[in-house]
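Trainee: Attaching a single structure in structure tokens format; questions to follow.
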Protein chains: 2
Amino acid sequence: MRILVLGGDGFCGWPSALHLSACGHHVTIVDNGVRRRIDEELGVRSLTPIRSLSERIEAWAEVTGRRIAMIDLDVARNYDELVELLAAERPDAIVHFAEQRAAPYSMKSPQHKRYTIDNNLTGTHNVLAAVVQVGVDTHLVHLGTMGVYGYESAPVDLPEGYLTVTYPDRDGNSHSREILYPTQPGSVYHLTKSLDQLLFQFYARNDGLRITDLHQGIVWGTQTEETALDVRLINRFDYDGDYGTVLNRFLAQSAIGYPLTVHGTGGQTRAFINIRDTVRCIRLAIESGSRVSGRVRVMNQITETHRISDLADLVSSITGASIERVANPRAEADKNLLSARNDHLLGLGLNPTRLETGLLEESVDIAQKYADRIDTGRVPCTSYWNETRRAAATRREEEPRPSPRSTK
Amino acid sequence: MRILVLGGDGFCGWPSALHLSACGHHVTIVDNGVRRRIDEELGVRSLTPIRSLSERIEAWAEVTGRRIAMIDLDVARNYDELVELLAAERPDAIVHFAEQRAAPYSMKSPQHKRYTIDNNLTGTHNVLAAVVQVGVDTHLVHLGTMGVYGYESAPVDLPEGYLTVTYPDRDGNSHSREILYPTQPGSVYHLTKSLDQLLFQFYARNDGLRITDLHQGIVWGTQTEETALDVRLINRFDYDGDYGTVLNRFLAQSAIGYPLTVHGTGGQTRAFINIRDTVRCIRLAIESGSRVSGRVRVMNQITETHRISDLADLVSSITGASIERVANPRAEADKNLLSARNDHLLGLGLNPTRLETGLLEESVDIAQKYADRIDTGRVPCTSYWNETRRAAATRREEEPRPSPRSTK
């Protein structure tokens, strides 16, 4: 199949592009390089030494003989070029990773909130409007987030997108209706994915577009089968307080003897997926795309759930790192229960990679190998959800805190 | 109270600003004049000869001795100026009319879809982010639409924003929860108001903002007590296929002997409100703002519901105009039932202006008075919701249709 991977230079986009290429698909990466510029803005860099996109693609061709095309294009800003691209390529599928994907970054300042709303909404809507304008029969696969469901304890195992509810009709009889699961986004980033859902619902209804929305859990791990083939293909590993996802952040912290910083009680339960499963899910979603109708298909792209404090304990038991509870910069419940369905992807053949000590140790190795690249000043999260959370953190900072050991 | 009226030069904004000023509030109109530029883009003009904003404001001062301030600012583009304005004015309330408000215009082309998404979402989010940034304790009153509920026959009288639903929990017991009424927006314009709801929900939860969302029905009528005081204060009257709301469009059509163009069967039921009640509702919403908590208050700003074909019959009976059924450019149900609650505004003291022959005749008079300003070529709606609707309309155009009589 001909596949466009929007945001194909990022943490999930790059290994997904490689996996799709390895499976024989014709892949074109569309990326404007903004994720690398955000690194510069934040004064941070990937723990792993990632190469330029052109060097990555050249290495992939050299190692595998497979060509990936590459187009420098901002889907939120270059609408006319996007239309030309769709008209020229007429892709069978479009994978849409081209959204700002860090919750703390989205809450960092008014400008960061505004950038996230603008980039994510305008970009996603441009893709939808362009598909309608060109009239191409393509399948749009979008990366959503489990965060659209909200992180309060739910009385049900979270369904995949839809919920059947009842309420009394005018005559007092029970009326039954399927609705999108009501969203409770916890950050501007999560909010954009909730907004995306409504865009998809409208364009599926009004124009019959084929759309799959993948509500992904928190991704951990670094390498996939394909990125491990050559050091020039290595995937991004973020450890900083904005882009570092919780488990990878713990691994990086332990590699440099920094305490594992748990936000609040650590009683938050979240859904997780390994990057190796992410790329498989993307492929499964695309290859089953002909079954998607005008109703948006929503799948939970997760394999397991864990409590944050349990993850900290696990990493601590492997690495000996200490654990430090810090004031939670996020406005969220101190603790919650979470369980969720993932029947769709299991049904398509996903064989989940569980969080096992072996795989975790691979990540520990990577973190330790590149530990000298870590800037400890960038480890804590300094993006506060609101003034109350900022004030709480400031009070905590006045108390003595353990100093990180120097790089081991 | 100190009140900012964003979009205060428009059809609802202008008479609302006057009414608030007449009631003793300190009003500042913020408007970038885009609605007048859209008239130029569409090659159309208000049926009534509206004056420039500065002339309007001068006339208001002359007639009443009351000053309204005026600021030329695009809330979607001039964020820094918006922040400065909020910091300087520290308004007690902000009324937000500054959104593109025509469903057909929002579906006219990819560019019009994109403009509507960008203007409405960016503008609304800018207002929210700016209020948080400045830290001003203000009450945001936003104009939503009844269209967020969707126009399929609902089994209930549409509630005001929220719906309590039940579903089985893990143990099979019934779980009850209040949710935002699930949206089914029927156009990109209506979609933006659905997206706005989620923005409001997030900012009310995360930052404790005080927000009232007014889901308004279709507005009809032209003049209010205040705009009728002087011809220079006259309100806008749109009759064109994009901005003309259905009843005003019928009145303009009948004034020039053009058949009343009913989309499809005319079996669509919609909610209505007279412009005189719009301005009263805005005032009631503002003056009750201190009661609004961090939970978004949603009120249905409507006074009655009617079937479109009944409205055509009513106008026809008064004016003798003929009725023509044309292919529906909109993707919507041929017919639907609709009833909705409006207890909130009734409880605040609204005394509804019903669609009575007397008031309708006032509008007929206005339409007839300015009938020589009508461009008949702009009367039909030529914005199609999708390719199916465009094709259906094109087939119909090949059939003979009644020719409009010349201006009477």
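Ligands are numbered from 1 in the order shown, chains are lettered A, B, ... in the order of the structure tokens, and residues start at 1 in each chain.
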Counting only C-alpha atoms, which residues in chain B sit no more than 9 Å from chain A? For each one, give the nearest pair of atoms and the distance in Å, sorted by chain then residue number, as a Markdown table.
Mentor:
```
| residue | atom | partner | partner_atom | distance |
| --- | --- | --- | --- | --- |
| B:Ser109 | CA | A:Gln133 | CA | 8.5 |
| B:Pro110 | CA | A:Ala129 | CA | 5.9 |
| B:Gln111 | CA | A:Ala129 | CA | 8.7 |
| B:Lys113 | CA | A:Ala129 | CA | 7.6 |
| B:Arg114 | CA | A:Asn126 | CA | 7.1 |
| B:Ile117 | CA | A:Thr122 | CA | 7.6 |
| B:Asp118 | CA | A:Thr122 | CA | 6.8 |
| B:Leu121 | CA | A:Ile117 | CA | 8.3 |
| B:Thr122 | CA | A:Asp118 | CA | 6.8 |
| B:His125 | CA | A:Arg114 | CA | 7.3 |
| B:Asn126 | CA | A:Arg114 | CA | 7.1 |
| B:Ala129 | CA | A:Pro110 | CA | 5.9 |
| B:Ala130 | CA | A:Pro110 | CA | 7.5 |
| B:Val132 | CA | A:Pro110 | CA | 8.4 |
| B:Gln133 | CA | A:Pro110 | CA | 6.7 |
| B:Ala154 | CA | A:Asp169 | CA | 8.7 |
| B:Pro155 | CA | A:Asp169 | CA | 5.1 |
| B:Val156 | CA | A:Asp169 | CA | 5.1 |
| B:Asp157 | CA | A:Arg170 | CA | 7.0 |
| B:Leu163 | CA | A:Tyr167 | CA | 8.3 |
| B:Thr164 | CA | A:Tyr167 | CA | 7.0 |
| B:Val165 | CA | A:Tyr167 | CA | 5.1 |
| B:Thr166 | CA | A:Thr166 | CA | 5.3 |
| B:Tyr167 | CA | A:Val165 | CA | 5.1 |
| B:Pro168 | CA | A:Val156 | CA | 7.7 |
| B:Asp169 | CA | A:Val156 | CA | 5.1 |
| B:Arg170 | CA | A:Val156 | CA | 5.1 |
| B:Asp171 | CA | A:Val156 | CA | 8.7 |
| B:His175 | CA | A:Pro155 | CA | 7.3 |
| B:Ile179 | CA | A:Pro182 | CA | 6.6 |
| B:Leu180 | CA | A:Pro182 | CA | 7.5 |
| B:Pro182 | CA | A:Ile179 | CA | 6.6 |
| B:Thr183 | CA | A:Leu198 | CA | 8.3 |
| B:Gln184 | CA | A:Phe202 | CA | 7.7 |
| B:Pro185 | CA | A:Phe202 | CA | 7.0 |
| B:Gly186 | CA | A:Phe202 | CA | 7.5 |
| B:Ser187 | CA | A:Phe202 | CA | 7.8 |
| B:Val188 | CA | A:Phe202 | CA | 8.0 |
| B:Leu191 | CA | A:Leu199 | CA | 7.4 |
| B:Ser194 | CA | A:Leu198 | CA | 7.8 |
| B:Leu195 | CA | A:Leu195 | CA | 5.8 |
| B:Asp196 | CA | A:Leu195 | CA | 8.9 |
| B:Leu198 | CA | A:Leu195 | CA | 7.2 |
| B:Leu199 | CA | A:Leu191 | CA | 7.4 |
| B:Gln201 | CA | A:Gln184 | CA | 8.3 |
| B:Phe202 | CA | A:Pro185 | CA | 7.0 |
| B:Asn206 | CA | A:Ala331 | CA | 6.8 |
| B:Asp207 | CA | A:Asn386 | CA | 6.3 |
| B:Ala331 | CA | A:Asn206 | CA | 6.7 |
| B:Trp385 | CA | A:Asn206 | CA | 7.3 |
| B:Asn386 | CA | A:Asp207 | CA | 6.3 |
| B:Glu387 | CA | A:Asp207 | CA | 8.1 |
| B:Thr388 | CA | A:Asp207 | CA | 8.9 |
```
Trainee: Please produce an output containing C-alpha atoms for each residue in the selection, written as a PDB file, in the first residue's frame.
Mentor:
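That gives us result-v1.pdb:
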```
ATOM      1  CA  SER B 109     -15.325  25.512   0.178  1.00  0.00           C
ATOM      2  CA  PRO B 110     -12.285  23.974   1.855  1.00  0.00           C
ATOM      3  CA  GLN B 111     -11.016  27.479   2.533  1.00  0.00           C
ATOM      4  CA  LYS B 113     -14.208  25.340   6.373  1.00  0.00           C
ATOM      5  CA  ARG B 114     -10.634  26.083   7.365  1.00  0.00           C
ATOM      6  CA  ILE B 117     -12.305  26.264  12.313  1.00  0.00           C
ATOM      7  CA  ASP B 118      -9.340  28.586  12.681  1.00  0.00           C
ATOM      8  CA  LEU B 121     -11.366  27.821  17.754  1.00  0.00           C
ATOM      9  CA  THR B 122      -8.303  30.020  17.887  1.00  0.00           C
ATOM     10  CA  HIS B 125      -9.103  29.535  22.985  1.00  0.00           C
ATOM     11  CA  ASN B 126      -7.244  32.862  22.936  1.00  0.00           C
ATOM     12  CA  ALA B 129      -5.869  31.514  27.693  1.00  0.00           C
ATOM     13  CA  ALA B 130      -5.784  35.295  28.067  1.00  0.00           C
ATOM     14  CA  VAL B 132      -6.047  32.720  32.762  1.00  0.00           C
ATOM     15  CA  GLN B 133      -2.847  34.580  31.935  1.00  0.00           C
ATOM     16  CA  ALA B 154     -34.581  13.375  20.043  1.00  0.00           C
ATOM     17  CA  PRO B 155     -36.537  11.136  22.428  1.00  0.00           C
ATOM     18  CA  VAL B 156     -36.416  13.878  25.075  1.00  0.00           C
ATOM     19  CA  ASP B 157     -37.042  17.573  25.350  1.00  0.00           C
ATOM     20  CA  LEU B 163     -27.872  14.901  30.360  1.00  0.00           C
ATOM     21  CA  THR B 164     -27.904  12.312  33.123  1.00  0.00           C
ATOM     22  CA  VAL B 165     -27.339   8.861  31.696  1.00  0.00           C
ATOM     23  CA  THR B 166     -26.940   5.421  33.161  1.00  0.00           C
ATOM     24  CA  TYR B 167     -24.923   2.413  32.120  1.00  0.00           C
ATOM     25  CA  PRO B 168     -24.004  -0.842  33.803  1.00  0.00           C
ATOM     26  CA  ASP B 169     -20.853  -0.866  35.910  1.00  0.00           C
ATOM     27  CA  ARG B 170     -18.404  -3.773  36.198  1.00  0.00           C
ATOM     28  CA  ASP B 171     -20.687  -5.565  38.612  1.00  0.00           C
ATOM     29  CA  HIS B 175     -24.118   3.643  37.181  1.00  0.00           C
ATOM     30  CA  ILE B 179     -22.516  14.294  30.851  1.00  0.00           C
ATOM     31  CA  LEU B 180     -22.529  17.045  28.263  1.00  0.00           C
ATOM     32  CA  PRO B 182     -23.657  14.180  23.092  1.00  0.00           C
ATOM     33  CA  THR B 183     -23.119  16.468  20.117  1.00  0.00           C
ATOM     34  CA  GLN B 184     -24.127  15.770  16.534  1.00  0.00           C
ATOM     35  CA  PRO B 185     -23.103  18.973  14.756  1.00  0.00           C
ATOM     36  CA  GLY B 186     -24.498  19.292  11.236  1.00  0.00           C
ATOM     37  CA  SER B 187     -21.921  21.656   9.707  1.00  0.00           C
ATOM     38  CA  VAL B 188     -18.389  22.876  10.307  1.00  0.00           C
ATOM     39  CA  LEU B 191     -18.874  21.664  14.867  1.00  0.00           C
ATOM     40  CA  SER B 194     -19.286  21.634  19.853  1.00  0.00           C
ATOM     41  CA  LEU B 195     -15.517  22.004  20.098  1.00  0.00           C
ATOM     42  CA  ASP B 196     -15.965  25.214  22.112  1.00  0.00           C
ATOM     43  CA  LEU B 198     -14.933  21.031  25.373  1.00  0.00           C
ATOM     44  CA  LEU B 199     -12.640  24.048  25.633  1.00  0.00           C
ATOM     45  CA  GLN B 201     -15.286  22.310  30.135  1.00  0.00           C
ATOM     46  CA  PHE B 202     -11.502  22.067  30.386  1.00  0.00           C
ATOM     47  CA  ASN B 206      -8.533  23.300  35.326  1.00  0.00           C
ATOM     48  CA  ASP B 207      -8.599  27.022  36.063  1.00  0.00           C
ATOM     49  CA  ALA B 331     -26.778  16.882   4.650  1.00  0.00           C
ATOM     50  CA  TRP B 385     -22.606  20.138   2.357  1.00  0.00           C
ATOM     51  CA  ASN B 386     -20.976  17.405   0.262  1.00  0.00           C
ATOM     52  CA  GLU B 387     -20.701  16.078  -3.276  1.00  0.00           C
ATOM     53  CA  THR B 388     -23.950  14.116  -3.022  1.00  0.00           C
TER      54      THR B 388
END
```
Trainee: So which residues touch Leu53 of chain B within 8 Å, counting only C-alpha atoms, skipping near sequence neighbours fewer than 3 positions away, as a PyMOL selection string?
Mentor: chain B and resi 9+56-57
Trainee: Using only C-alpha atoms, which residues sit within 12 Å of segment 375-377 of chain A once same-chain residues fewer than 3 positions away are excluded, as a PyMOL selection string?
Mentor: chain A and resi 42-47+238-241+249+252-259+370-372+380-382+403-407
Trainee: Just to be explicit: take each residue in the selection above, keep N, CA and C atoms, and write the result as a JSON list (two decimals), in the first residue's frame.
Mentor:
```
[["chain", "number", "residue", "atom", "x", "y", "z"],
["A", 42, "LEU", "N", 13.84, 23.77, 24.28],
["A", 42, "LEU", "CA", 13.87, 23.33, 25.67],
["A", 42, "LEU", "C", 15.31, 23.13, 26.18],
["A", 43, "GLY", "N", 16.28, 23.27, 25.28],
["A", 43, "GLY", "CA", 17.66, 23.07, 25.69],
["A", 43, "GLY", "C", 17.93, 21.64, 26.09],
["A", 44, "VAL", "N", 17.39, 20.70, 25.35],
["A", 44, "VAL", "CA", 17.49, 19.29, 25.70],
["A", 44, "VAL", "C", 17.71, 18.51, 24.41],
["A", 45, "ARG", "N", 18.14, 17.28, 24.54],
["A", 45, "ARG", "CA", 18.26, 16.45, 23.34],
["A", 45, "ARG", "C", 17.90, 15.03, 23.69],
["A", 46, "SER", "N", 17.58, 14.26, 22.66],
["A", 46, "SER", "CA", 17.27, 12.85, 22.86],
["A", 46, "SER", "C", 18.44, 12.18, 23.58],
["A", 47, "LEU", "N", 18.11, 11.30, 24.54],
["A", 47, "LEU", "CA", 19.17, 10.56, 25.23],
["A", 47, "LEU", "C", 19.99, 9.78, 24.20],
["A", 238, "ASP", "N", 13.29, 10.28, 25.07],
["A", 238, "ASP", "CA", 13.14, 11.55, 25.79],
["A", 238, "ASP", "C", 13.13, 11.29, 27.29],
["A", 239, "TYR", "N", 13.91, 12.06, 28.02],
["A", 239, "TYR", "CA", 13.96, 11.88, 29.48],
["A", 239, "TYR", "C", 13.57, 13.15, 30.23],
["A", 240, "ASP", "N", 13.34, 14.23, 29.49],
["A", 240, "ASP", "CA", 13.11, 15.51, 30.15],
["A", 240, "ASP", "C", 11.70, 15.61, 30.75],
["A", 241, "GLY", "N", 11.51, 16.60, 31.58],
["A", 241, "GLY", "CA", 10.25, 16.75, 32.31],
["A", 241, "GLY", "C", 9.05, 17.03, 31.43],
["A", 249, "ARG", "N", 11.48, 8.10, 31.69],
["A", 249, "ARG", "CA", 12.07, 9.10, 32.57],
["A", 249, "ARG", "C", 12.69, 8.41, 33.80],
["A", 252, "ALA", "N", 15.99, 6.78, 32.78],
["A", 252, "ALA", "CA", 17.08, 7.75, 32.63],
["A", 252, "ALA", "C", 17.55, 8.25, 33.99],
["A", 253, "GLN", "N", 16.59, 8.49, 34.88],
["A", 253, "GLN", "CA", 16.94, 8.97, 36.22],
["A", 253, "GLN", "C", 17.81, 7.95, 36.94],
["A", 254, "SER", "N", 17.41, 6.68, 36.84],
["A", 254, "SER", "CA", 18.18, 5.66, 37.54],
["A", 254, "SER", "C", 19.58, 5.52, 36.95],
["A", 255, "ALA", "N", 19.69, 5.78, 35.65],
["A", 255, "ALA", "CA", 20.99, 5.63, 35.00],
["A", 255, "ALA", "C", 22.00, 6.66, 35.51],
["A", 256, "ILE", "N", 21.52, 7.79, 36.01],
["A", 256, "ILE", "CA", 22.46, 8.82, 36.48],
["A", 256, "ILE", "C", 22.38, 9.00, 38.00],
["A", 257, "GLY", "N", 21.70, 8.07, 38.67],
["A", 257, "GLY", "CA", 21.64, 8.16, 40.12],
["A", 257, "GLY", "C", 20.77, 9.28, 40.63],
["A", 258, "TYR", "N", 19.85, 9.73, 39.80],
["A", 258, "TYR", "CA", 18.88, 10.77, 40.19],
["A", 258, "TYR", "C", 17.69, 10.03, 40.80],
["A", 259, "PRO", "N", 17.12, 10.54, 41.88],
["A", 259, "PRO", "CA", 15.97, 9.80, 42.42],
["A", 259, "PRO", "C", 14.83, 9.76, 41.41],
["A", 370, "TYR", "N", 24.00, 5.84, 27.31],
["A", 370, "TYR", "CA", 24.04, 7.24, 26.87],
["A", 370, "TYR", "C", 23.88, 8.21, 28.04],
["A", 371, "ALA", "N", 24.11, 7.72, 29.26],
["A", 371, "ALA", "CA", 23.86, 8.54, 30.46],
["A", 371, "ALA", "C", 24.65, 9.84, 30.45],
["A", 372, "ASP", "N", 25.81, 9.83, 29.81],
["A", 372, "ASP", "CA", 26.63, 11.05, 29.83],
["A", 372, "ASP", "C", 26.01, 12.18, 28.99],
["A", 380, "PRO", "N", 13.47, 17.43, 35.99],
["A", 380, "PRO", "CA", 12.19, 17.69, 36.67],
["A", 380, "PRO", "C", 11.17, 18.34, 35.72],
["A", 381, "CYS", "N", 9.91, 18.08, 35.96],
["A", 381, "CYS", "CA", 8.85, 18.74, 35.22],
["A", 381, "CYS", "C", 8.58, 20.10, 35.85],
["A", 382, "THR", "N", 8.75, 21.15, 35.06],
["A", 382, "THR", "CA", 8.50, 22.50, 35.58],
["A", 382, "THR", "C", 7.34, 23.17, 34.86],
["A", 403, "SER", "N", 20.03, 15.72, 46.72],
["A", 403, "SER", "CA", 20.72, 16.21, 45.53],
["A", 403, "SER", "C", 21.09, 15.01, 44.66],
["A", 404, "PRO", "N", 20.94, 15.15, 43.35],
["A", 404, "PRO", "CA", 21.31, 14.04, 42.47],
["A", 404, "PRO", "C", 22.82, 13.78, 42.55],
["A", 405, "ARG", "N", 23.17, 12.51, 42.47],
["A", 405, "ARG", "CA", 24.61, 12.20, 42.36],
["A", 405, "ARG", "C", 25.06, 12.63, 40.97],
["A", 406, "SER", "N", 26.33, 12.84, 40.82],
["A", 406, "SER", "CA", 26.83, 13.22, 39.48],
["A", 406, "SER", "C", 26.72, 12.00, 38.57],
["A", 407, "THR", "N", 26.86, 12.23, 37.30],
["A", 407, "THR", "CA", 26.75, 11.16, 36.31],
["A", 407, "THR", "C", 27.67, 10.00, 36.68]]
```
Trainee: DSSP on the backbone, then: every residue of segment 229-316 of chain A marked alpha helix (DSSP H), written as a ChimeraX atom specification.
Mentor: /A:246-255,275-287,308-316
Trainee: Which residue out of A:Leu355, A:Cys281, A:Val246, A:Ala228 has the minimum interatomic distance to Pro104 of chain A when only C-alpha atoms are used?
Mentor: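 Nearest candidate to Pro104 of chain A out of A:Leu355, A:Cys281, A:Val246, A:Ala228: A:Val246.
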Trainee: As a ChimeraX atom specification, please: every residue in segment 159-371 of chain B that a backbone DSSP assignment puts in strand (DSSP E).
Mentor: /B:162-168,174-180,210-216,218-220,260-263,269-274,297-301,304-307,323-326
Trainee: Tell me, as a list in words, which residues lie within 10 Å of Lys369 of chain A, counting only C-alpha atoms; anything in the same chain fewer than 4 positions away does not count.
Mentor: Leu47, Thr48, Ala255, Ser363, Val364, Asp365 and Arg373 of chain A
Trainee: Smallest atom-to-atom distance to Ala69 of chain A: which of A:Thr116, A:Ser106, A:Ser21, A:Thr212, using only C-alpha atoms?
Mentor: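 For Ala69 of chain A, the nearest of the given residues is A:Ser21.
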Trainee: Quick one, how far is atom CA of Ile38 of chain A from atom CA of Ala59 of chain A?
Mentor: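 One can read the atom CA of Ile38 of chain A to atom CA of Ala59 of chain A distance as 24.5 Å.
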Trainee: Considering only C-alpha atoms, can you say which of A:Asp74, A:Glu84, A:Glu152, A:Asp92 comes closest to Val134 of chain A?
Mentor: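 Closest to Val134 of chain A of all the choices is A:Glu84.
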Trainee: Atom CA of Gln368 of chain B and atom CA of Gly320 of chain B, how far apart in Å?
Mentor: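 One can read the atom CA of Gly320 of chain B to atom CA of Gln368 of chain B distance as 13.3 Å.
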